[in-house]
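**Student:** Following this line is run20.cif, made up of mmCIF, C-alpha atoms and all ligand atoms:
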data_upload
loop_
_atom_site.label_atom_id
_atom_site.label_comp_id
_atom_site.auth_asym_id
_atom_site.auth_seq_id
_atom_site.Cartn_x
_atom_site.Cartn_y
_atom_site.Cartn_z
CA MET A 186 0.00 0.00 0.00
CA GLU A 187 1.12 3.52 -0.72
CA ALA A 188 2.50 5.28 2.35
CA LYS A 189 0.28 8.11 3.55
CA LYS A 190 1.46 11.34 2.01
CA LYS A 191 2.26 14.21 4.29
CA ASP A 192 0.32 17.49 4.22
CA ILE A 193 2.83 19.90 2.71
CA ARG A 194 1.39 22.80 4.67
CA ALA A 195 2.53 21.23 7.93
CA LEU A 196 6.07 22.25 6.90
CA THR A 197 7.61 25.54 7.92
CA LYS A 198 9.28 27.66 5.29
CA GLU A 199 12.68 26.47 6.55
CA GLN A 200 11.66 22.83 6.27
CA LEU A 201 10.39 23.40 2.77
CA ARG A 202 13.66 25.06 1.76
CA ASP A 203 15.62 22.13 3.27
CA PHE A 204 13.42 19.68 1.41
CA PHE A 205 14.30 21.23 -1.94
CA VAL A 206 18.00 21.31 -1.13
CA LYS A 207 17.86 17.60 -0.28
CA GLU A 208 16.13 17.02 -3.60
CA GLY A 209 19.07 18.68 -5.33
CA ASP A 210 17.12 21.84 -6.11
CA LYS A 211 17.63 25.40 -4.86
CA ALA A 212 16.40 26.52 -1.43
CA PHE A 213 14.70 29.39 -3.24
CA ARG A 214 12.25 26.89 -4.75
CA GLY A 215 10.97 26.43 -1.20
CA ASN A 216 10.15 30.14 -0.99
CA GLN A 217 8.23 29.98 -4.25
CA VAL A 218 6.18 26.99 -3.18
CA TYR A 219 5.60 28.53 0.23
CA GLU A 220 4.21 31.62 -1.43
CA TRP A 221 1.84 29.48 -3.50
CA LEU A 222 0.68 27.60 -0.43
CA TRP A 223 -0.02 30.59 1.77
CA GLN A 224 -0.14 33.97 0.06
CA LYS A 225 -1.79 32.56 -3.06
CA SER A 226 -3.68 29.84 -1.24
CA ALA A 227 -3.17 27.24 -3.99
CA HIS A 228 -5.52 24.26 -3.81
CA SER A 229 -3.34 21.98 -5.93
CA PHE A 230 0.20 21.60 -7.22
CA GLU A 231 -1.04 22.19 -10.77
CA ASP A 232 -1.87 25.77 -9.77
CA MET A 233 1.84 26.50 -9.22
CA THR A 234 2.48 27.76 -12.72
CA ASN A 235 5.98 29.14 -12.20
CA ILE A 236 7.21 25.75 -10.92
CA SER A 237 8.38 23.24 -13.53
CA LEU A 238 6.12 20.35 -14.44
CA LYS A 239 8.71 17.87 -13.22
CA THR A 240 8.95 19.54 -9.81
CA ARG A 241 5.19 19.74 -9.50
CA GLN A 242 4.98 16.03 -10.24
CA MET A 243 7.66 15.34 -7.62
CA LEU A 244 5.65 17.35 -5.05
CA GLN A 245 2.53 15.49 -6.04
CA ASP A 246 4.33 12.18 -5.40
CA ASN A 247 5.43 13.24 -1.93
CA PHE A 248 2.71 15.46 -0.51
CA VAL A 249 -0.94 16.38 -0.42
CA ILE A 250 -2.55 19.80 0.09
CA ASN A 251 -5.37 19.25 2.55
CA HIS A 252 -7.30 22.33 1.62
CA ILE A 253 -10.75 22.83 3.13
CA LYS A 254 -13.78 22.75 0.83
CA VAL A 255 -16.75 25.04 1.24
CA ASP A 256 -19.50 22.44 0.94
CA GLN A 257 -22.41 24.76 1.26
CA MET A 258 -22.80 28.52 1.43
CA GLN A 259 -25.97 30.10 2.82
CA ARG A 260 -26.81 33.79 2.53
CA SER A 261 -29.02 35.56 5.04
CA SER A 262 -31.44 38.34 4.13
CA ASP A 263 -29.20 40.69 6.17
CA GLY A 264 -26.08 39.89 4.08
CA THR A 265 -24.57 37.44 6.56
CA ILE A 266 -23.01 34.39 4.90
CA LYS A 267 -22.49 31.01 6.54
CA ASN A 268 -20.08 28.42 5.16
CA ALA A 269 -20.27 24.74 5.94
CA VAL A 270 -16.65 23.74 5.59
CA ARG A 271 -15.60 20.17 4.85
CA LEU A 272 -12.25 19.05 6.23
CA HIS A 273 -9.99 16.41 4.68
CA ASP A 274 -11.41 13.75 7.01
CA ASP A 275 -14.99 14.71 6.08
CA LEU A 276 -15.79 16.43 9.35
CA ILE A 277 -17.65 19.73 9.04
CA VAL A 278 -17.21 23.08 10.76
CA GLU A 279 -18.95 26.37 10.13
CA SER A 280 -17.70 29.90 9.62
CA VAL A 281 -19.61 33.13 9.15
CA LEU A 282 -19.11 36.43 7.33
CA ILE A 283 -20.81 39.38 9.01
CA PRO A 284 -20.97 42.57 6.94
CA THR A 285 -21.79 45.98 8.43
CA PRO A 286 -21.51 49.37 6.72
CA THR A 287 -18.03 49.89 8.18
CA ARG A 288 -16.50 46.42 8.42
CA THR A 289 -16.70 42.83 7.32
CA THR A 290 -15.97 40.34 10.03
CA ALA A 291 -15.10 36.67 9.74
CA CYS A 292 -16.28 34.50 12.60
CA VAL A 293 -14.17 31.33 12.50
CA SER A 294 -14.16 27.97 14.27
CA SER A 295 -11.25 26.57 16.24
CA GLN A 296 -12.49 23.04 17.00
CA VAL A 297 -14.86 20.51 15.49
CA GLY A 298 -17.56 20.62 18.14
CA CYS A 299 -16.49 22.08 21.48
CA SER A 300 -14.62 21.00 24.61
CA LEU A 301 -17.05 22.88 26.83
CA ASP A 302 -20.61 22.30 27.87
CA CYS A 303 -22.45 25.63 28.03
CA LYS A 304 -26.14 24.87 28.48
CA PHE A 305 -27.35 27.64 26.17
CA CYS A 306 -25.09 26.92 23.18
CA ALA A 307 -25.98 24.68 20.24
CA THR A 308 -22.34 23.84 19.51
CA ALA A 309 -22.02 22.28 22.97
CA ARG A 310 -24.51 19.64 21.93
CA LEU A 311 -22.16 18.32 19.27
CA LYS A 312 -19.51 15.92 20.36
CA ARG A 313 -16.07 17.46 20.34
CA MET A 314 -14.31 15.57 17.58
CA ARG A 315 -10.92 17.23 17.28
CA ASN A 316 -8.89 20.41 17.18
CA LEU A 317 -8.50 22.23 13.90
CA ASN A 318 -5.02 22.50 12.39
CA PRO A 319 -3.55 25.95 11.81
CA ASP A 320 -4.16 25.67 8.07
CA GLU A 321 -7.80 24.67 8.55
CA ILE A 322 -8.30 27.84 10.57
CA TYR A 323 -6.37 29.91 8.03
CA ASP A 324 -8.37 28.46 5.12
CA GLN A 325 -11.65 29.49 6.71
CA VAL A 326 -10.39 33.07 6.80
CA VAL A 327 -9.24 32.94 3.17
CA ALA A 328 -12.61 31.56 2.06
CA ILE A 329 -14.46 34.34 3.88
CA ASP A 330 -12.08 36.96 2.53
CA ASN A 331 -12.82 35.78 -1.01
CA GLU A 332 -16.57 35.89 -0.38
CA SER A 333 -16.27 39.34 1.13
CA ARG A 334 -14.56 40.59 -2.03
CA LEU A 335 -17.06 38.82 -4.26
CA TYR A 336 -20.32 39.73 -2.53
CA HIS A 337 -19.46 42.93 -0.70
CA ASP A 338 -16.72 44.42 -2.89
CA ARG A 339 -14.22 44.77 -0.07
CA PRO A 340 -11.68 42.61 1.72
CA LEU A 341 -12.22 41.22 5.14
CA SER A 342 -11.48 43.77 7.87
CA ASN A 343 -11.84 41.84 11.14
CA ILE A 344 -11.69 38.32 12.53
CA VAL A 345 -13.33 36.94 15.65
CA PHE A 346 -12.66 33.48 17.04
CA MET A 347 -16.28 33.07 18.03
CA GLY A 348 -17.30 30.14 15.87
CA MET A 349 -17.35 26.55 17.02
CA GLY A 350 -14.98 25.50 19.76
CA GLU A 351 -12.95 26.94 22.59
CA PRO A 352 -9.88 28.62 21.06
CA LEU A 353 -7.84 28.47 24.25
CA MET A 354 -8.22 24.70 24.33
CA ASN A 355 -6.53 24.65 20.94
CA TYR A 356 -4.15 27.46 21.76
CA ASN A 357 -1.03 26.42 19.85
CA ASN A 358 -2.86 25.94 16.57
CA VAL A 359 -4.87 29.14 16.98
CA LEU A 360 -1.64 31.01 17.61
CA LYS A 361 0.02 29.49 14.54
CA ALA A 362 -2.99 30.38 12.41
CA ILE A 363 -2.94 33.97 13.66
CA ASP A 364 0.78 34.16 12.91
CA LYS A 365 0.04 33.24 9.30
CA ILE A 366 -2.97 35.55 9.09
CA THR A 367 -0.93 38.51 10.32
CA SER A 368 2.29 37.70 8.47
CA PRO A 369 3.05 39.57 5.24
CA GLU A 370 3.66 36.09 3.79
CA GLY A 371 0.06 35.24 4.65
CA LEU A 372 -2.80 37.74 4.69
CA GLY A 373 -0.93 40.61 6.33
CA MET A 374 -3.80 41.57 8.61
CA SER A 375 -3.26 43.63 11.74
CA PRO A 376 -3.54 41.62 14.98
CA LYS A 377 -5.49 44.55 16.42
CA ARG A 378 -8.36 43.49 14.17
CA ILE A 379 -8.48 40.01 15.62
CA VAL A 380 -10.44 39.00 18.73
CA VAL A 381 -10.00 35.68 20.47
CA SER A 382 -13.06 34.85 22.56
CA THR A 383 -12.85 32.44 25.46
CA SER A 384 -15.14 31.04 28.07
CA GLY A 385 -12.21 31.65 30.39
CA VAL A 386 -9.37 29.17 30.81
CA PRO A 387 -7.25 30.94 33.44
CA LYS A 388 -3.96 29.17 32.77
CA MET A 389 -4.15 29.89 29.04
CA ILE A 390 -5.07 33.53 29.57
CA LYS A 391 -1.86 33.89 31.55
CA LYS A 392 0.08 32.08 28.87
CA MET A 393 -1.30 34.47 26.26
CA ALA A 394 -0.13 37.38 28.38
CA ASP A 395 3.34 35.83 28.69
CA ASP A 396 3.45 35.27 24.94
CA GLU A 397 2.78 38.99 24.48
CA VAL A 398 0.14 38.40 21.86
CA LYS A 399 -1.11 41.48 20.04
CA PHE A 400 -4.69 40.44 19.36
CA LYS A 401 -7.63 41.30 21.59
CA LEU A 402 -9.31 39.24 24.26
CA ALA A 403 -13.01 38.71 24.84
CA VAL A 404 -14.42 36.67 27.70
CA SER A 405 -17.83 35.02 27.59
CA LEU A 406 -18.82 35.74 31.14
CA HIS A 407 -22.64 35.60 31.37
CA SER A 408 -22.52 35.72 35.15
CA ALA A 409 -20.11 36.98 37.78
CA ILE A 410 -21.68 34.84 40.50
CA ASP A 411 -20.08 31.38 40.75
CA GLU A 412 -23.24 29.51 41.59
CA VAL A 413 -25.14 30.99 38.66
CA ARG A 414 -22.25 30.65 36.23
CA THR A 415 -21.64 27.02 37.14
CA SER A 416 -25.30 26.24 36.55
CA ILE A 417 -25.17 27.54 32.97
CA MET A 418 -21.48 26.91 32.20
CA PRO A 419 -20.61 23.77 34.19
CA PHE A 420 -16.84 23.96 33.55
CA ASN A 421 -16.91 27.03 35.83
CA ALA A 422 -16.76 24.52 38.68
CA THR A 423 -13.23 23.66 37.48
CA PHE A 424 -12.24 27.24 36.59
CA PRO A 425 -14.04 29.37 39.18
CA LEU A 426 -14.40 33.13 38.86
CA LYS A 427 -11.67 33.85 41.39
CA ASP A 428 -9.10 32.14 39.15
CA LEU A 429 -10.51 33.75 36.02
CA ARG A 430 -10.36 37.16 37.62
CA GLU A 431 -6.79 36.61 38.76
CA ALA A 432 -5.76 35.55 35.24
CA LEU A 433 -7.45 38.63 33.76
CA GLU A 434 -5.65 40.89 36.20
CA TYR A 435 -2.42 39.28 35.08
CA TRP A 436 -3.41 39.79 31.43
CA TYR A 437 -4.24 43.43 31.98
CA ALA A 438 -1.06 44.13 33.95
CA LYS A 439 1.00 42.74 31.06
CA THR A 440 -0.91 44.01 28.01
CA ARG A 441 -2.78 47.11 29.21
CA ASN A 442 -5.47 46.10 26.75
CA ARG A 443 -9.12 46.69 27.41
CA ILE A 444 -11.06 43.49 28.08
CA THR A 445 -14.38 42.78 26.40
CA TYR A 446 -17.03 40.70 28.13
CA GLU A 447 -19.74 38.85 26.23
CA TYR A 448 -22.89 38.64 28.26
CA VAL A 449 -26.45 37.44 27.68
CA VAL A 450 -29.15 38.47 30.14
CA TRP A 451 -31.72 35.71 30.66
CA LYS A 452 -35.07 35.86 32.35
CA GLY A 453 -34.91 34.48 35.89
CA ILE A 454 -31.23 33.54 35.62
CA ASN A 455 -29.14 36.71 35.76
CA ASP A 456 -31.62 39.59 35.39
CA LYS A 457 -31.53 41.02 38.91
CA GLN A 458 -29.76 44.03 40.36
CA LYS A 459 -27.42 41.76 42.30
CA ASP A 460 -26.30 40.15 39.03
CA VAL A 461 -25.28 43.41 37.44
CA GLU A 462 -23.60 44.54 40.65
CA ALA A 463 -21.51 41.38 40.67
CA LEU A 464 -20.60 42.08 37.03
CA VAL A 465 -19.45 45.61 37.86
CA GLU A 466 -17.44 44.29 40.78
CA PHE A 467 -15.85 41.66 38.53
CA CYS A 468 -14.76 43.86 35.65
CA LYS A 469 -14.10 47.28 37.13
CA PHE A 470 -10.43 46.53 37.91
CA SER A 471 -9.47 47.34 34.29
CA PRO A 472 -10.87 49.30 31.36
CA SER A 473 -13.56 47.05 30.02
CA LYS A 474 -16.46 46.83 27.67
CA VAL A 475 -19.55 44.71 28.09
CA ASN A 476 -21.34 43.45 24.99
CA LEU A 477 -24.89 42.55 25.91
CA ILE A 478 -25.70 39.91 23.29
CA GLU A 479 -29.17 39.05 22.24
CA TYR A 480 -30.09 35.47 23.10
CA ASN A 481 -30.62 33.19 20.14
CA PRO A 482 -33.00 30.47 21.22
CA ILE A 483 -31.72 26.99 20.50
CA ASP A 484 -34.21 24.87 22.37
CA ASP A 485 -37.50 24.41 24.08
CA GLY A 486 -37.44 27.60 26.11
CA GLU A 487 -35.34 26.73 29.14
CA PHE A 488 -33.51 29.97 28.40
CA GLN A 489 -35.35 33.15 27.50
CA GLN A 490 -34.11 36.62 26.70
CA ALA A 491 -34.67 38.94 29.69
CA ASN A 492 -37.24 41.69 29.31
CA PRO A 493 -36.20 45.19 28.13
CA GLN A 494 -36.39 46.64 31.65
CA ALA A 495 -33.73 44.21 32.85
CA LEU A 496 -31.49 45.09 29.93
CA ASP A 497 -32.05 48.74 30.69
CA MET A 498 -31.01 48.20 34.29
CA TYR A 499 -27.78 46.56 33.08
CA VAL A 500 -27.01 49.42 30.71
CA LYS A 501 -27.69 52.13 33.30
CA THR A 502 -25.74 50.42 36.08
CA LEU A 503 -22.73 49.70 33.87
CA GLU A 504 -22.66 53.23 32.50
CA LYS A 505 -22.94 54.71 35.97
CA ASN A 506 -19.79 52.76 36.80
CA ASN A 507 -17.96 53.99 33.70
CA ILE A 508 -18.02 50.63 31.99
CA THR A 509 -18.62 50.82 28.25
CA VAL A 510 -21.66 48.86 27.25
CA THR A 511 -23.19 47.98 23.89
CA VAL A 512 -26.40 46.14 23.15
CA ARG A 513 -25.81 43.90 20.16
CA ARG A 514 -28.44 42.64 17.82
CA SER A 515 -27.89 39.26 16.26
CA ARG A 516 -27.16 38.77 12.60
CA GLY A 517 -27.86 35.83 10.33
CA LYS A 518 -30.52 34.25 12.53
CA ASP A 519 -32.57 33.05 9.56
CA ILE A 520 -29.70 30.77 8.50
CA ASP A 521 -28.68 29.66 12.02
CA ALA A 522 -25.49 31.69 11.77
CA ALA A 523 -25.89 33.77 14.95
CA CYS A 524 -23.94 33.33 18.23
CA GLY A 525 -24.50 29.93 19.71
CA GLN A 526 -26.38 28.59 16.71
CA LEU A 527 -23.53 26.85 14.90
CA ALA A 528 -24.44 23.19 14.99
CA ASN A 529 -24.00 21.76 11.49
CA LYS A 530 -27.76 21.67 11.03
CA SER A 531 -27.71 21.30 7.30
N1 LIG B 601 -15.79 29.15 23.31
C1 LIG B 601 -15.52 30.53 23.02
C2 LIG B 601 -15.78 30.89 21.57
C3 LIG B 601 -17.24 30.79 21.16
S1 LIG B 601 -17.85 32.39 21.02
C4 LIG B 601 -16.31 31.41 23.96
O1 LIG B 601 -17.12 30.87 24.70
O2 LIG B 601 -16.09 32.60 24.01
C5 LIG B 601 -19.56 32.19 20.93
C6 LIG B 601 -20.23 33.26 21.74
O3 LIG B 601 -21.65 33.09 21.63
C7 LIG B 601 -19.91 33.15 23.21
O4 LIG B 601 -19.82 34.41 23.77
C8 LIG B 601 -21.12 32.40 23.74
O5 LIG B 601 -21.27 32.57 25.11
C9 LIG B 601 -22.23 33.00 22.92
N2 LIG B 601 -23.42 32.17 22.82
C10 LIG B 601 -23.49 30.83 22.89
N3 LIG B 601 -24.75 30.42 22.73
C11 LIG B 601 -25.50 31.52 22.54
C12 LIG B 601 -26.89 31.75 22.26
N4 LIG B 601 -27.74 30.74 22.17
N5 LIG B 601 -27.29 33.03 22.11
C13 LIG B 601 -26.43 34.05 22.16
N6 LIG B 601 -25.11 33.90 22.40
C14 LIG B 601 -24.65 32.65 22.59
#
Any chance you could give the structure as structure tokens?

**Tutor:**
Amino acid sequence: MEAKKKDIRALTKEQLRDFFVKEGDKAFRGNQVYEWLWQKSAHSFEDMTNISLKTRQMLQDNFVINHIKVDQMQRSSDGTIKNAVRLHDDLIVESVLIPTPTRTTACVSSQVGCSLDCKFCATARLKRMRNLNPDEIYDQVVAIDNESRLYHDRPLSNIVFMGMGEPLMNYNNVLKAIDKITSPEGLGMSPKRIVVSTSGVPKMIKKMADDEVKFKLAVSLHSAIDEVRTSIMPFNATFPLKDLREALEYWYAKTRNRITYEYVVWKGINDKQKDVEALVEFCKFSPSKVNLIEYNPIDDGEFQQANPQALDMYVKTLEKNNITVTVRRSRGKDIDAACGQLANKS
């Protein structure tokens, strides 16, 4: 049987250069192929038109390019696009393009399924199958960038790691993908336009701070009271708020970057004055912004969006305490592309 060919994109530029030298070619050939693989996002060796036929054949004999395939693209009435992305092993993840008048944002997945078990999130109901490779994350961004140019006449401007999965439980690959996305040899995007969203893995937040990453951090908090948070996000029992808060203080001390909190207010769960007071207490140690996200129902009504008065109370209390607050409407609901709805339905 033929030995399994290696994915050429698992090689660094150095390794690719070495490979060509070993093959009796010039190291420079490695640069050319690297450019095809990343900057030009080639799907096959045939695409590499400035490489000789013989060399392309040799590459073909040794390697594969495990490019993702956009299996299905759905377009929402509000312009949002959702891609169902097929991976080389036939697993599927989803990514979303969210256009607004001033920006186009890619919302990308970091895992197939999710490691966590948030009660209100559709992705949590899928089994976690595996982590995505750096190139599978990168490819999602390239696909969305192409769609943004095609359907909205402009390149992608922002990226949020708010698709399927918990990025900090696939930290190394997420970091490698962001390196490629921000590198001039990749997409050359500014890290300031990238947000990594986490449910809050304290150890990894500290690691990010130590790694001096330049992208932004968002935390899906939803409650600043342990008992409440554990009831809706059970892993909070393992990573309690005290540890999360300590990690965030560490992050802020090192990066001086504002922290964003994602927060849904639900009826009867976290819609009381004491809930918002706990939130203020939790996040006032650093400059912060609270995004109050609209709840996207995924089930039989166990969770319901709080009434407008409760939302109003949150906004007023946060503002009184000098915490920036925005109330965000969901996009792409008609195609199950909104927060918490990514569940490979089609
Ligand atoms: N695991 C990471 C990345 C996923 S981001 C994280 O938790 O941050 C997805 C965002 O959508 C999170 O803020 C999550 O809390 C939120 N979310 C999940 N289900 C939702 C739902 N049904 N309605 C609205 N927001 C939801």

**Student:** Would you mind telling me which residue in A:Ser473, A:Ser280, A:Thr502, A:Ser342 lies nearest to ligand LIG 601 (chain B) when using only C-alpha atoms and all ligand atoms?

**Tutor:** A:Ser280

**Student:** Using all atoms listed in the file for the distances, tell me which of A:Ser384, A:Thr445, A:Asn507, A:Thr285 is nearest to ligand LIG 601 (chain B).

**Tutor:**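 Distance minimum relative to ligand LIG 601 (chain B) lands on A:Ser384.
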
**Student:** Just need the box for ligand LIG 601 (chain B), edges along x, y and z, holding every atom the file lists for it with 8 Å tacked onto each side, so centre and edge lengths in Å to one decimal, as lines of an AutoDock Vina configuration file.

**Tutor:**
center_x = -21.6
center_y = 31.8
center_z = 23.0
size_x = 28.2
size_y = 21.3
size_z = 20.2

**Student:** Work out how far apart atom CA of A:Ile253 and atom CA of A:Leu272 are and give it in Å to one decimal.

**Tutor:**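 It comes out at 5.1 Å.
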
**Student:** List as a PDB file with C-alpha atoms, in the frame of the given file the protein and nucleic acid residues near A:Glu332, meaning an atom at most 9 Å away when all atoms listed in the file are counted, but skip any in the same chain fewer than 5 places from it.

**Tutor:**
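As a result, out.pdb now contains:
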ATOM      1  CA  ILE A 266     -23.010  34.390   4.900  1.00  0.00           C
ATOM      2  CA  LEU A 282     -19.110  36.430   7.330  1.00  0.00           C
ATOM      3  CA  VAL A 327      -9.240  32.940   3.170  1.00  0.00           C
ATOM      4  CA  HIS A 337     -19.460  42.930  -0.700  1.00  0.00           C
ATOM      5  CA  ASP A 338     -16.720  44.420  -2.890  1.00  0.00           C
ATOM      6  CA  PRO A 340     -11.680  42.610   1.720  1.00  0.00           C
ATOM      7  CA  LEU A 341     -12.220  41.220   5.140  1.00  0.00           C
TER       8      LEU A 341
END

**Student:** Which residues come within 8 Å of A:Lys304, counting only C-alpha atoms, excluding same-chain residues fewer than 4 positions away, as a list in words?

**Tutor:**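 The neighbour list is Ala309, Ile417 and Met418 of chain A.
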
**Student:** Using all atoms listed in the file, which residues of the polymer chains come no farther than 9 Å from ligand LIG 601 (chain B)? I'd like the answer as a PyMOL selection string.

**Tutor:** chain A and resi 292+294-295+299-301+303-309+345-354+381-385+403-407+446-449+478-484+488+490+515+523-527

**Student:** How would stretch 289-297 of chain A look with all heavy atoms restored, written as a short mmCIF file (atom, residue, chain, number, x, y, z; two decimals), in the coordinates of the input?

**Tutor:**
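Result file follows (out_18.cif):
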data_model
loop_
_atom_site.label_atom_id
_atom_site.label_comp_id
_atom_site.auth_asym_id
_atom_site.auth_seq_id
_atom_site.Cartn_x
_atom_site.Cartn_y
_atom_site.Cartn_z
N THR A 289 -16.22 44.19 7.55
CA THR A 289 -16.70 42.83 7.32
C THR A 289 -15.89 41.93 8.23
O THR A 289 -14.66 41.95 8.22
CB THR A 289 -16.54 42.36 5.86
OG1 THR A 289 -15.21 42.65 5.45
CG2 THR A 289 -17.52 43.01 4.94
N THR A 290 -16.60 41.15 9.00
CA THR A 290 -15.97 40.34 10.03
C THR A 290 -16.13 38.86 9.71
O THR A 290 -17.22 38.42 9.34
CB THR A 290 -16.61 40.65 11.40
OG1 THR A 290 -16.45 42.05 11.66
CG2 THR A 290 -15.95 39.85 12.52
N ALA A 291 -15.04 38.12 9.86
CA ALA A 291 -15.10 36.67 9.74
C ALA A 291 -15.19 36.08 11.13
O ALA A 291 -14.42 36.44 12.02
CB ALA A 291 -13.85 36.13 9.06
N CYS A 292 -16.17 35.20 11.33
CA CYS A 292 -16.28 34.50 12.60
C CYS A 292 -15.87 33.05 12.32
O CYS A 292 -16.54 32.35 11.56
CB CYS A 292 -17.73 34.58 13.09
SG CYS A 292 -18.04 33.63 14.58
N VAL A 293 -14.74 32.63 12.88
CA VAL A 293 -14.17 31.33 12.50
C VAL A 293 -14.18 30.33 13.66
O VAL A 293 -14.21 30.70 14.84
CB VAL A 293 -12.74 31.47 11.95
CG1 VAL A 293 -12.72 32.33 10.70
CG2 VAL A 293 -11.79 32.03 13.00
N SER A 294 -14.15 29.06 13.29
CA SER A 294 -14.16 27.97 14.27
C SER A 294 -12.74 27.55 14.60
O SER A 294 -11.84 27.64 13.76
CB SER A 294 -14.93 26.78 13.72
OG SER A 294 -16.30 27.11 13.56
N SER A 295 -12.56 27.05 15.81
CA SER A 295 -11.25 26.57 16.24
C SER A 295 -11.23 25.08 16.56
O SER A 295 -10.17 24.47 16.66
CB SER A 295 -10.76 27.36 17.46
OG SER A 295 -11.72 27.29 18.50
N GLN A 296 -12.39 24.48 16.75
CA GLN A 296 -12.49 23.04 17.00
C GLN A 296 -13.69 22.48 16.23
O GLN A 296 -14.61 23.22 15.88
CB GLN A 296 -12.72 22.76 18.49
CG GLN A 296 -11.61 23.22 19.42
CD GLN A 296 -11.90 22.88 20.88
OE1 GLN A 296 -13.00 23.12 21.38
NE2 GLN A 296 -10.91 22.33 21.57
N VAL A 297 -13.66 21.18 15.99
CA VAL A 297 -14.86 20.51 15.49
C VAL A 297 -15.67 20.14 16.73
O VAL A 297 -15.22 19.33 17.54
CB VAL A 297 -14.51 19.22 14.71
CG1 VAL A 297 -15.78 18.65 14.07
CG2 VAL A 297 -13.45 19.47 13.67
#
